[in-house]
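Here is target07.txt, consisting of compact mmCIF, C-alpha atoms:
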```
# COMPACT_ATOMS: atom_id res chain seq x y z
CA MET A 1 58.25 36.97 29.94
CA VAL A 2 58.36 34.06 32.39
CA PRO A 3 54.87 32.52 32.89
CA THR A 4 53.35 32.83 36.34
CA LEU A 5 53.68 29.49 38.12
CA PRO A 6 52.33 28.43 41.51
CA ASP A 7 54.71 27.87 44.39
CA PHE A 8 56.13 24.35 44.46
CA PRO A 9 53.62 22.63 46.78
CA TRP A 10 55.99 20.44 48.76
CA ASP A 11 57.99 23.44 49.95
CA SER A 12 55.05 24.31 52.21
CA LEU A 13 55.39 20.98 54.04
CA ALA A 14 58.69 21.95 55.69
CA PRO A 15 57.15 22.87 59.10
CA ALA A 16 55.11 19.66 59.22
CA LYS A 17 58.17 17.63 58.26
CA GLU A 18 60.17 19.21 61.07
CA ARG A 19 57.35 18.50 63.49
CA ALA A 20 57.06 14.86 62.40
CA SER A 21 60.83 14.36 62.51
CA ALA A 22 60.84 15.26 66.20
CA PHE A 23 58.43 12.44 67.11
CA SER A 24 59.47 10.24 70.00
CA ASP A 25 57.41 7.74 71.96
CA PRO A 26 59.37 5.45 74.32
CA SER A 27 56.34 3.19 74.71
CA LEU A 28 56.74 2.03 71.10
CA SER A 29 59.60 -0.39 70.43
CA ASP A 30 61.29 -1.93 67.36
CA GLY A 31 61.93 1.43 65.74
CA ALA A 32 58.31 2.52 65.74
CA GLY A 33 58.84 5.13 68.42
CA GLU A 34 61.46 7.33 66.83
CA GLY A 35 61.82 9.58 63.82
CA LEU A 36 59.96 10.46 60.67
CA VAL A 37 57.79 8.22 58.51
CA ASP A 38 57.56 10.13 55.25
CA LEU A 39 54.45 9.14 53.29
CA SER A 40 54.11 12.48 51.51
CA VAL A 41 55.86 11.72 48.20
CA GLY A 42 55.27 8.75 45.91
CA THR A 43 58.91 7.92 45.28
CA PRO A 44 59.84 4.22 45.04
CA VAL A 45 62.12 2.84 47.77
CA ASP A 46 62.61 -0.78 46.66
CA PRO A 47 65.59 -1.96 44.59
CA THR A 48 65.57 -1.70 40.82
CA PRO A 49 65.28 -5.31 39.52
CA ASP A 50 68.55 -7.01 38.57
CA LEU A 51 67.60 -7.71 34.96
CA ILE A 52 66.98 -3.99 34.39
CA ARG A 53 70.24 -2.93 36.03
CA GLN A 54 72.10 -5.50 33.95
CA ALA A 55 70.54 -4.12 30.77
CA LEU A 56 71.56 -0.60 31.78
CA ALA A 57 75.13 -1.68 32.55
CA GLY A 58 75.37 -3.65 29.32
CA ALA A 59 74.56 -0.51 27.35
CA ALA A 60 76.94 1.75 29.29
CA ASP A 61 79.35 2.09 26.36
CA ALA A 62 77.27 4.70 24.51
CA PRO A 63 79.52 7.20 22.73
CA GLY A 64 77.00 8.18 20.05
CA TYR A 65 73.71 10.05 20.14
CA PRO A 66 70.66 7.82 20.66
CA GLN A 67 67.50 8.07 18.56
CA THR A 68 64.91 10.57 19.78
CA TYR A 69 62.24 8.28 18.34
CA GLY A 70 63.61 5.30 20.26
CA THR A 71 64.88 2.17 18.57
CA PRO A 72 62.39 0.10 16.55
CA ASP A 73 62.66 -2.82 18.99
CA LEU A 74 61.80 -0.55 21.93
CA ARG A 75 58.74 0.85 20.18
CA GLU A 76 57.68 -2.68 19.23
CA ALA A 77 58.14 -3.76 22.86
CA VAL A 78 55.81 -0.98 24.01
CA ALA A 79 53.21 -2.13 21.46
CA ALA A 80 53.59 -5.73 22.65
CA TRP A 81 53.20 -4.62 26.28
CA PHE A 82 49.97 -2.81 25.43
CA ALA A 83 48.68 -5.97 23.76
CA ALA A 84 49.66 -8.26 26.64
CA ARG A 85 48.81 -6.04 29.62
CA ARG A 86 46.38 -3.31 28.55
CA GLY A 87 43.99 -4.99 26.12
CA VAL A 88 45.26 -2.92 23.18
CA PRO A 89 46.06 -5.37 20.36
CA ASP A 90 46.61 -2.93 17.54
CA LEU A 91 48.98 -0.18 18.70
CA ASP A 92 51.14 1.04 15.80
CA PRO A 93 54.81 1.12 16.93
CA GLY A 94 55.04 4.29 14.85
CA GLY A 95 52.80 5.88 17.47
CA VAL A 96 55.25 5.31 20.33
CA LEU A 97 57.81 7.81 21.64
CA PRO A 98 60.07 7.39 24.72
CA THR A 99 60.17 10.37 27.06
CA LEU A 100 62.36 11.61 29.92
CA GLY A 101 59.91 10.51 32.59
CA SER A 102 56.19 11.19 32.35
CA LYS A 103 56.19 14.46 34.29
CA GLU A 104 58.33 16.10 31.60
CA LEU A 105 55.82 15.07 28.93
CA VAL A 106 52.87 16.24 31.02
CA ALA A 107 54.50 19.63 31.63
CA TRP A 108 55.48 20.26 28.01
CA LEU A 109 52.68 18.59 26.04
CA PRO A 110 50.61 21.78 25.54
CA THR A 111 53.72 23.56 24.26
CA LEU A 112 54.69 20.63 22.02
CA LEU A 113 51.17 20.69 20.54
CA ASP A 114 51.59 24.43 19.81
CA LEU A 115 48.96 25.57 22.27
CA GLY A 116 49.18 29.12 23.55
CA PRO A 117 47.25 32.21 24.64
CA GLY A 118 43.51 31.76 24.18
CA ASP A 119 43.69 27.95 24.13
CA VAL A 120 42.05 25.98 26.95
CA VAL A 121 43.64 22.96 28.63
CA ALA A 122 41.11 21.04 30.74
CA PHE A 123 41.88 18.56 33.52
CA PRO A 124 40.13 17.06 36.59
CA ARG A 125 39.34 19.30 39.56
CA VAL A 126 41.30 17.01 41.87
CA ALA A 127 44.47 16.39 39.92
CA TYR A 128 48.23 16.14 39.72
CA PRO A 129 49.41 19.81 39.73
CA THR A 130 51.56 19.46 36.59
CA TYR A 131 48.50 19.51 34.29
CA ASP A 132 47.90 23.08 35.43
CA VAL A 133 51.61 23.92 35.23
CA GLY A 134 51.83 22.60 31.67
CA ALA A 135 49.02 24.89 30.56
CA ARG A 136 50.73 27.86 32.21
CA LEU A 137 54.10 27.07 30.61
CA ALA A 138 52.37 27.29 27.22
CA ARG A 139 50.55 30.46 28.35
CA ALA A 140 47.30 28.63 27.68
CA GLU A 141 44.30 28.80 30.02
CA PRO A 142 44.12 26.01 32.62
CA MET A 143 40.60 24.84 33.40
CA ALA A 144 39.74 22.37 36.19
CA VAL A 145 36.39 20.66 35.59
CA ASP A 146 34.48 17.79 37.22
CA SER A 147 32.77 16.61 34.06
CA LEU A 148 32.30 17.47 30.40
CA THR A 149 28.98 19.14 31.20
CA ALA A 150 30.85 21.47 33.58
CA LEU A 151 32.43 23.07 30.50
CA GLY A 152 29.03 24.62 29.81
CA PRO A 153 27.75 25.64 26.37
CA LEU A 154 30.78 25.39 24.11
CA THR A 155 32.04 28.17 21.92
CA PRO A 156 35.23 28.29 19.81
CA ALA A 157 36.82 30.24 22.69
CA THR A 158 35.80 27.84 25.47
CA THR A 159 36.25 24.45 23.78
CA PRO A 160 39.43 22.85 25.14
CA ARG A 161 42.20 22.11 22.68
CA LEU A 162 43.56 19.49 25.07
CA LEU A 163 41.69 17.40 27.65
CA TRP A 164 43.61 15.48 30.32
CA VAL A 165 42.19 12.26 31.73
CA ASN A 166 43.91 10.57 34.69
CA SER A 167 42.99 6.97 35.51
CA PRO A 168 43.95 5.61 37.96
CA SER A 169 43.90 9.05 39.48
CA ASN A 170 46.74 10.63 41.36
CA PRO A 171 45.82 11.43 44.12
CA THR A 172 42.42 9.77 44.54
CA GLY A 173 43.07 6.30 43.10
CA ARG A 174 39.75 6.43 41.25
CA VAL A 175 39.50 4.24 38.14
CA LEU A 176 37.46 5.32 35.11
CA GLY A 177 35.57 2.50 33.44
CA VAL A 178 35.35 1.63 29.77
CA GLU A 179 31.93 3.26 29.33
CA HIS A 180 33.07 6.53 30.93
CA LEU A 181 36.23 6.69 28.83
CA ALA A 182 34.29 5.88 25.65
CA LYS A 183 31.95 8.81 26.27
CA VAL A 184 34.94 11.13 26.78
CA VAL A 185 36.55 9.97 23.52
CA ALA A 186 33.29 10.31 21.55
CA TRP A 187 32.75 13.83 22.91
CA ALA A 188 36.33 14.85 22.17
CA ARG A 189 36.16 13.63 18.60
CA GLU A 190 32.88 15.43 18.06
CA HIS A 191 34.54 18.69 19.15
CA GLY A 192 38.03 18.23 17.72
CA VAL A 193 39.72 17.91 21.14
CA VAL A 194 42.94 15.97 21.76
CA VAL A 195 42.62 13.57 24.72
CA ALA A 196 45.76 12.83 26.74
CA SER A 197 45.30 10.02 29.26
CA ASP A 198 47.76 9.72 32.14
CA GLU A 199 47.70 6.02 33.06
CA CYS A 200 50.95 5.69 35.04
CA TYR A 201 49.43 3.59 37.85
CA ALA A 202 47.55 1.14 35.63
CA GLU A 203 49.44 -1.97 36.80
CA LEU A 204 48.58 -1.24 40.45
CA ASP A 205 44.85 -2.05 40.40
CA TRP A 206 43.54 -3.26 43.79
CA ARG A 207 40.03 -4.17 42.70
CA PRO A 208 39.13 -7.87 42.87
CA ARG A 209 39.00 -9.57 39.49
CA ARG A 210 35.78 -11.26 38.49
CA GLU A 211 36.02 -15.04 38.40
CA GLY A 212 36.49 -16.24 34.84
CA SER A 213 36.96 -12.68 33.58
CA ASP A 214 38.88 -12.18 30.36
CA GLU A 215 39.46 -8.51 31.19
CA PRO A 216 43.03 -7.20 30.90
CA PRO A 217 44.91 -7.42 34.22
CA THR A 218 45.26 -3.64 34.43
CA THR A 219 42.89 -0.68 34.43
CA PRO A 220 41.23 0.30 31.12
CA SER A 221 43.28 2.36 28.68
CA VAL A 222 42.03 5.13 26.46
CA LEU A 223 43.59 3.13 23.60
CA ASP A 224 41.46 0.05 24.37
CA PRO A 225 39.30 -0.76 21.30
CA ARG A 226 36.23 -0.88 23.57
CA VAL A 227 36.94 2.78 24.37
CA CYS A 228 38.14 4.17 21.06
CA GLY A 229 36.50 1.85 18.52
CA GLY A 230 39.87 0.60 17.29
CA SER A 231 41.06 4.06 16.15
CA HIS A 232 43.70 5.98 18.09
CA GLU A 233 43.07 9.22 16.22
CA GLY A 234 43.29 12.22 18.55
CA LEU A 235 44.40 10.09 21.52
CA LEU A 236 47.62 9.95 23.54
CA CYS A 237 48.40 7.66 26.45
CA VAL A 238 51.16 8.73 28.85
CA TYR A 239 52.91 5.97 30.80
CA SER A 240 55.83 5.62 33.20
CA LEU A 241 57.88 2.66 34.41
CA SER A 242 58.81 4.51 37.61
CA LYS A 243 56.18 2.86 39.80
CA GLN A 244 55.86 -0.65 38.43
CA SER A 245 59.61 -1.21 37.91
CA ASN A 246 61.21 1.14 40.48
CA LEU A 247 62.73 3.26 37.73
CA ALA A 248 62.00 6.78 38.94
CA GLY A 249 65.74 7.52 38.92
CA TYR A 250 66.03 6.34 35.31
CA ARG A 251 63.36 8.76 34.00
CA ALA A 252 61.90 5.97 31.85
CA ALA A 253 58.52 6.64 30.25
CA PHE A 254 56.73 6.89 26.93
CA VAL A 255 53.75 8.36 25.13
CA ALA A 256 51.72 6.28 22.70
CA GLY A 257 48.67 6.61 20.51
CA ASP A 258 47.87 8.60 17.36
CA PRO A 259 50.93 8.27 15.06
CA GLY A 260 50.22 11.68 13.54
CA LEU A 261 50.25 13.40 16.94
CA VAL A 262 53.35 11.45 18.00
CA ARG A 263 55.20 12.57 14.87
CA ARG A 264 54.35 16.20 15.74
CA LEU A 265 55.86 15.69 19.18
CA LEU A 266 58.87 13.96 17.67
CA GLU A 267 59.73 16.82 15.32
CA VAL A 268 59.87 19.36 18.15
CA ARG A 269 61.71 17.01 20.46
CA LYS A 270 64.38 16.33 17.83
CA HIS A 271 65.05 20.06 17.51
CA ALA A 272 65.08 20.48 21.31
CA GLY A 273 67.35 17.51 22.02
CA MET A 274 64.76 15.83 24.26
CA ILE A 275 66.30 12.35 23.98
CA VAL A 276 66.06 9.39 26.34
CA PRO A 277 69.64 8.14 26.93
CA TRP A 278 70.64 4.92 25.15
CA PRO A 279 71.28 2.90 28.35
CA VAL A 280 67.85 3.88 29.66
CA GLN A 281 66.22 2.82 26.39
CA ARG A 282 67.87 -0.61 26.79
CA ALA A 283 66.71 -0.80 30.40
CA MET A 284 63.15 0.03 29.31
CA LEU A 285 63.28 -2.78 26.75
CA ALA A 286 64.25 -5.27 29.46
CA ALA A 287 61.59 -4.00 31.88
CA LEU A 288 58.76 -4.19 29.36
CA GLY A 289 59.58 -7.79 28.51
CA ASP A 290 59.34 -9.10 32.08
CA ALA A 291 56.04 -9.25 33.94
CA ASP A 292 57.37 -11.18 36.95
CA HIS A 293 59.16 -8.25 38.60
CA VAL A 294 56.01 -6.14 38.20
CA ALA A 295 53.91 -8.78 39.96
CA GLN A 296 56.47 -8.98 42.77
CA GLN A 297 56.46 -5.22 43.26
CA LYS A 298 52.67 -5.10 43.21
CA ALA A 299 52.62 -7.76 45.94
CA ARG A 300 54.93 -5.60 48.08
CA TYR A 301 52.61 -2.62 47.76
CA ALA A 302 49.55 -4.77 48.40
CA ALA A 303 51.04 -5.97 51.69
CA ARG A 304 51.90 -2.41 52.73
CA ARG A 305 48.40 -1.31 51.85
CA GLU A 306 46.90 -4.09 53.97
CA THR A 307 49.07 -2.99 56.90
CA LEU A 308 48.48 0.75 56.61
CA ARG A 309 44.81 1.10 55.68
CA PRO A 310 43.33 -0.34 58.90
CA ALA A 311 45.62 1.89 60.96
CA VAL A 312 44.58 4.99 59.00
CA GLU A 313 40.95 4.10 59.61
CA ALA A 314 41.64 3.43 63.30
CA PHE A 315 43.10 6.93 63.51
CA GLY A 316 39.68 8.22 62.45
CA LEU A 317 40.08 8.81 58.73
CA ARG A 318 37.73 7.55 56.02
CA VAL A 319 39.47 6.19 52.92
CA ASP A 320 37.71 7.23 49.70
CA ASP A 321 38.21 5.77 46.20
CA SER A 322 41.79 4.38 46.36
CA GLU A 323 40.86 1.58 43.94
CA ALA A 324 44.30 1.62 42.34
CA GLY A 325 47.66 3.34 42.59
CA LEU A 326 50.10 4.00 45.40
CA TYR A 327 48.05 6.16 47.75
CA LEU A 328 45.24 6.20 50.26
CA TRP A 329 42.95 9.19 49.71
CA ALA A 330 41.61 9.85 53.19
CA THR A 331 39.55 12.42 55.08
CA ALA A 332 38.57 13.34 58.60
CA GLY A 333 36.03 15.89 57.37
CA GLU A 334 38.30 18.75 58.38
CA PRO A 335 40.76 21.05 56.55
CA SER A 336 43.55 18.91 55.14
CA ARG A 337 46.28 20.98 56.79
CA ARG A 338 44.76 20.19 60.18
CA THR A 339 44.89 16.47 59.37
CA VAL A 340 48.51 16.88 58.23
CA GLU A 341 49.34 18.47 61.61
CA ARG A 342 47.63 15.74 63.61
CA LEU A 343 49.46 13.03 61.67
CA ALA A 344 52.75 14.92 62.05
CA ASP A 345 52.21 14.77 65.82
CA ARG A 346 52.46 10.98 65.38
CA GLY A 347 55.61 11.34 63.30
CA VAL A 348 53.84 10.61 59.99
CA LEU A 349 54.13 13.09 57.11
CA VAL A 350 51.47 13.09 54.39
CA ALA A 351 50.44 15.41 51.56
CA PRO A 352 47.49 17.77 52.04
CA GLY A 353 44.71 17.41 49.50
CA ASP A 354 44.82 21.10 48.63
CA PHE A 355 48.03 20.34 46.68
CA TYR A 356 45.68 18.82 44.10
CA GLY A 357 43.18 21.64 43.85
CA PRO A 358 40.57 23.30 46.08
CA ALA A 359 38.26 20.30 45.71
CA GLY A 360 40.76 18.22 47.68
CA ARG A 361 40.87 20.58 50.66
CA GLU A 362 39.44 18.07 53.17
CA HIS A 363 41.52 15.05 52.14
CA VAL A 364 45.12 13.93 52.55
CA ARG A 365 47.16 11.69 50.27
CA ILE A 366 49.03 8.93 52.11
CA ALA A 367 51.69 7.12 50.08
CA LEU A 368 52.52 3.42 50.26
CA THR A 369 56.06 4.16 49.09
CA ALA A 370 58.01 3.44 52.25
CA THR A 371 59.86 0.36 53.42
CA ASP A 372 58.02 -2.43 55.20
CA GLU A 373 59.66 -1.31 58.46
CA ARG A 374 58.50 2.30 58.09
CA ILE A 375 54.98 1.30 57.03
CA ALA A 376 54.78 -0.96 60.08
CA ALA A 377 56.01 1.92 62.27
CA ALA A 378 53.33 4.24 60.88
CA ALA A 379 50.65 1.60 61.48
CA ARG A 380 51.69 1.18 65.12
CA ARG A 381 51.67 4.92 65.70
CA LEU A 382 48.25 5.42 64.13
CA GLY A 383 46.54 2.22 65.25
```

Would you encode the structure as structure tokens?
Amino acid sequence: MVPTLPDFPWDSLAPAKERASAFSDPSLSDGAGEGLVDLSVGTPVDPTPDLIRQALAGAADAPGYPQTYGTPDLREAVAAWFAARRGVPDLDPGGVLPTLGSKELVAWLPTLLDLGPGDVVAFPRVAYPTYDVGARLARAEPMAVDSLTALGPLTPATTPRLLWVNSPSNPTGRVLGVEHLAKVVAWAREHGVVVASDECYAELDWRPRREGSDEPPTTPSVLDPRVCGGSHEGLLCVYSLSKQSNLAGYRAAFVAGDPGLVRRLLEVRKHAGMIVPWPVQRAMLAALGDADHVAQQKARYAARRETLRPAVEAFGLRVDDSEAGLYLWATAGEPSRRTVERLADRGVLVAPGDFYGPAGREHVRIALTATDERIAAAARRLG
């Protein structure tokens, strides 16, 4: 009765990790010549900001059960954050629900929406593997597609019930513009499809801002009125504080959008006990109200990106897309596992593009989530 799931991708990296860990080059000094530089997983390494830790500690006396729905002030803070940072002025706090990290929500959303055998869940061809896993957990049919036209002539059996959008993309860093997202939303509404947009890297946009632009400081959201016409019907935005606030260990995230869909998720989650702990809810409230720590963290990643990208290119890789997010999506025009091996010979571990679907088979994903010292070591080895 257990659904068939793929092998956990990172388990296959063990030989390359062992190979990279054995790296030694006496000609490189200052720590660059020894040991592993692990750029394969996008896990934050910088400290959690003090104001967030203080909020967590201040809420440590939590003997009672917290609210599955989240407190009203937390949901209002999410709505205020969307208005201030994402160009979404009209998000109903009733359409906000805290979640135990975003991966949990991605994995269980098809099940929470009561999808099952015969239902199609569509997602990008190069994509975070959990979209596929979530469809399988619900025993629905996963479908990787490049575009809406790739779905072909639609029938009741082939029309997706759920369509995942990921912008900025993990792994490619590609950003979908307002016009593109608006077409997706219009198509989905025409066909009765729920759109779930994974926007977890939105604050980490590396594109230059136009002078005098009044655009929001982050990438476009599916909830932006320019995209959805001011109505959030049929739309869900998934967001995580892991990257922008170094809260991966807190499992602090939320889903927002259509209040009717959110209430459906809430009812199941109440029965299942899927509740964000009270101290984490208080930490989320503090994080959402402070933009300064986000700007500081973005500056750290920008500096690491400026150090690493030229070295990756000097090694002979071409960096594609990578307009936003925490990764360089790079290719040498060869099978990704071969590139992984060549980088491991320099003591640098990266993720092969085939983790993200067959369409990524000639790329590797290189994370910026390492300390300044380790990023500098990788740059010296590659450059």

Just give me the residues with any atom within 12 Å of (32.4, 10.3, 26.4), file coordinates, counting all atoms listed in the file, written as number ranges by chain. A: 147-149, 163, 165, 176-191, 193, 195, 222, 227-228

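In this comparison, which uses all atoms listed in the file, the residue of A:Ala253, A:Leu91, A:Leu343, A:Leu162 approaching Asp224 in chain A most closely is A:Leu91.
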
Could you give me, as a list in words, the residues within 9 Å of Val41 in chain A, counting all atoms listed in the file and dropping anything in the same chain fewer than 5 positions from it? Trp10, Val350, Ala351, Arg365, Ile366, Ala367 and Thr369 of chain A

Please identify every residue of range 226-286 of chain A that has at least one atom no farther than 9 Å from an atom of range 49-68 of chain A, counting only C-alpha atoms, and for each give the shortest atom pair and the distance in Å to one decimal, arranged by chain then increasing number, as CSV.
```
residue,atom,partner,partner_atom,distance
A:Ser245,CA,A:Pro49,CA,7.2
A:Asn246,CA,A:Pro49,CA,7.7
A:Leu266,CA,A:Thr68,CA,7.2
A:Arg269,CA,A:Thr68,CA,7.2
A:Lys270,CA,A:Thr68,CA,6.1
A:Gly273,CA,A:Thr68,CA,7.7
A:Met274,CA,A:Thr68,CA,6.9
A:Ile275,CA,A:Thr68,CA,4.8
A:Val276,CA,A:Thr68,CA,6.8
A:Pro277,CA,A:Pro66,CA,6.4
A:Trp278,CA,A:Pro66,CA,5.3
A:Pro279,CA,A:Ala59,CA,4.8
A:Val280,CA,A:Leu56,CA,6.2
A:Gln281,CA,A:Leu56,CA,8.3
A:Arg282,CA,A:Ala55,CA,5.9
A:Ala283,CA,A:Leu56,CA,5.0
A:Met284,CA,A:Ile52,CA,7.5
A:Leu285,CA,A:Ala55,CA,8.4
A:Ala286,CA,A:Ile52,CA,5.8
```

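Checking A:Leu105, A:Arg346, A:Glu306, A:Thr218 one by one against Ala20 in chain A, counting only C-alpha atoms, you find the shortest gap at A:Arg346.
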
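Using all atoms listed in the file, the smallest distance between any of A:Ser336, A:Thr71, A:Thr43, A:Ser242 and Val294 in chain A comes from A:Ser242.
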
Would you please work out which residue, of A:Ser197, A:Leu113, A:Phe355, A:His293, is nearest to Asp7 in chain A when using only C-alpha atoms?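 Counting only C-alpha atoms, the residue closest to Asp7 in chain A is A:Phe355.
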
Extract range 152-161 of chain A from the coordinates I pasted, and write it as a PDB file, in the first residue's frame (atoms kept: all heavy atoms).
```
ATOM      1  N   GLY A 152      -0.784  19.341 -24.364  1.00  0.00           N
ATOM      2  CA  GLY A 152      -1.518  18.810 -25.501  1.00  0.00           C
ATOM      3  C   GLY A 152      -3.002  19.129 -25.420  1.00  0.00           C
ATOM      4  O   GLY A 152      -3.456  19.861 -24.531  1.00  0.00           O
ATOM      5  N   PRO A 153      -3.789  18.561 -26.341  1.00  0.00           N
ATOM      6  CA  PRO A 153      -5.246  18.764 -26.290  1.00  0.00           C
ATOM      7  C   PRO A 153      -5.802  18.228 -24.967  1.00  0.00           C
ATOM      8  O   PRO A 153      -5.597  17.065 -24.624  1.00  0.00           O
ATOM      9  CB  PRO A 153      -5.764  17.951 -27.494  1.00  0.00           C
ATOM     10  CG  PRO A 153      -4.573  17.775 -28.384  1.00  0.00           C
ATOM     11  CD  PRO A 153      -3.387  17.723 -27.480  1.00  0.00           C
ATOM     12  N   LEU A 154      -6.495  19.079 -24.237  1.00  0.00           N
ATOM     13  CA  LEU A 154      -6.941  18.695 -22.906  1.00  0.00           C
ATOM     14  C   LEU A 154      -8.237  17.902 -22.946  1.00  0.00           C
ATOM     15  O   LEU A 154      -9.140  18.179 -23.734  1.00  0.00           O
ATOM     16  CB  LEU A 154      -7.137  19.944 -22.040  1.00  0.00           C
ATOM     17  CG  LEU A 154      -5.869  20.733 -21.712  1.00  0.00           C
ATOM     18  CD1 LEU A 154      -6.220  21.981 -20.923  1.00  0.00           C
ATOM     19  CD2 LEU A 154      -4.888  19.870 -20.934  1.00  0.00           C
ATOM     20  N   THR A 155      -8.285  16.905 -22.102  1.00  0.00           N
ATOM     21  CA  THR A 155      -9.498  16.138 -21.860  1.00  0.00           C
ATOM     22  C   THR A 155      -9.717  16.138 -20.351  1.00  0.00           C
ATOM     23  O   THR A 155      -8.816  16.503 -19.578  1.00  0.00           O
ATOM     24  CB  THR A 155      -9.346  14.694 -22.352  1.00  0.00           C
ATOM     25  OG1 THR A 155      -8.384  14.018 -21.516  1.00  0.00           O
ATOM     26  CG2 THR A 155      -8.887  14.643 -23.800  1.00  0.00           C
ATOM     27  N   PRO A 156     -10.911  15.723 -19.883  1.00  0.00           N
ATOM     28  CA  PRO A 156     -11.105  15.641 -18.430  1.00  0.00           C
ATOM     29  C   PRO A 156     -10.055  14.776 -17.750  1.00  0.00           C
ATOM     30  O   PRO A 156      -9.692  15.021 -16.600  1.00  0.00           O
ATOM     31  CB  PRO A 156     -12.506  15.042 -18.304  1.00  0.00           C
ATOM     32  CG  PRO A 156     -13.213  15.497 -19.543  1.00  0.00           C
ATOM     33  CD  PRO A 156     -12.169  15.461 -20.620  1.00  0.00           C
ATOM     34  N   ALA A 157      -9.516  13.783 -18.447  1.00  0.00           N
ATOM     35  CA  ALA A 157      -8.535  12.880 -17.834  1.00  0.00           C
ATOM     36  C   ALA A 157      -7.130  13.447 -17.842  1.00  0.00           C
ATOM     37  O   ALA A 157      -6.290  13.023 -17.045  1.00  0.00           O
ATOM     38  CB  ALA A 157      -8.547  11.534 -18.565  1.00  0.00           C
ATOM     39  N   THR A 158      -6.837  14.399 -18.736  1.00  0.00           N
ATOM     40  CA  THR A 158      -5.470  14.908 -18.847  1.00  0.00           C
ATOM     41  C   THR A 158      -5.300  16.316 -18.290  1.00  0.00           C
ATOM     42  O   THR A 158      -4.168  16.790 -18.174  1.00  0.00           O
ATOM     43  CB  THR A 158      -5.007  14.905 -20.313  1.00  0.00           C
ATOM     44  OG1 THR A 158      -5.878  15.762 -21.087  1.00  0.00           O
ATOM     45  CG2 THR A 158      -5.033  13.504 -20.894  1.00  0.00           C
ATOM     46  N   THR A 159      -6.397  16.988 -17.979  1.00  0.00           N
ATOM     47  CA  THR A 159      -6.287  18.333 -17.404  1.00  0.00           C
ATOM     48  C   THR A 159      -5.767  18.241 -15.973  1.00  0.00           C
ATOM     49  O   THR A 159      -6.348  17.532 -15.140  1.00  0.00           O
ATOM     50  CB  THR A 159      -7.653  19.034 -17.398  1.00  0.00           C
ATOM     51  OG1 THR A 159      -8.154  19.099 -18.731  1.00  0.00           O
ATOM     52  CG2 THR A 159      -7.532  20.449 -16.833  1.00  0.00           C
ATOM     53  N   PRO A 160      -4.689  18.930 -15.641  1.00  0.00           N
ATOM     54  CA  PRO A 160      -4.180  18.854 -14.267  1.00  0.00           C
ATOM     55  C   PRO A 160      -5.206  19.386 -13.265  1.00  0.00           C
ATOM     56  O   PRO A 160      -5.934  20.341 -13.557  1.00  0.00           O
ATOM     57  CB  PRO A 160      -2.935  19.752 -14.298  1.00  0.00           C
ATOM     58  CG  PRO A 160      -2.577  19.890 -15.733  1.00  0.00           C
ATOM     59  CD  PRO A 160      -3.845  19.783 -16.497  1.00  0.00           C
ATOM     60  N   ARG A 161      -5.225  18.786 -12.100  1.00  0.00           N
ATOM     61  CA  ARG A 161      -5.998  19.346 -10.997  1.00  0.00           C
ATOM     62  C   ARG A 161      -5.170  20.386 -10.250  1.00  0.00           C
ATOM     63  O   ARG A 161      -5.709  21.316  -9.652  1.00  0.00           O
ATOM     64  CB  ARG A 161      -6.412  18.231 -10.022  1.00  0.00           C
ATOM     65  CG  ARG A 161      -7.431  17.236 -10.565  1.00  0.00           C
ATOM     66  CD  ARG A 161      -8.853  17.755 -10.434  1.00  0.00           C
ATOM     67  NE  ARG A 161      -9.176  18.150  -9.057  1.00  0.00           N
ATOM     68  CZ  ARG A 161      -9.488  17.318  -8.054  1.00  0.00           C
ATOM     69  NH1 ARG A 161      -9.499  16.015  -8.267  1.00  0.00           N
ATOM     70  NH2 ARG A 161      -9.795  17.790  -6.862  1.00  0.00           N
TER      71      ARG A 161
END
```
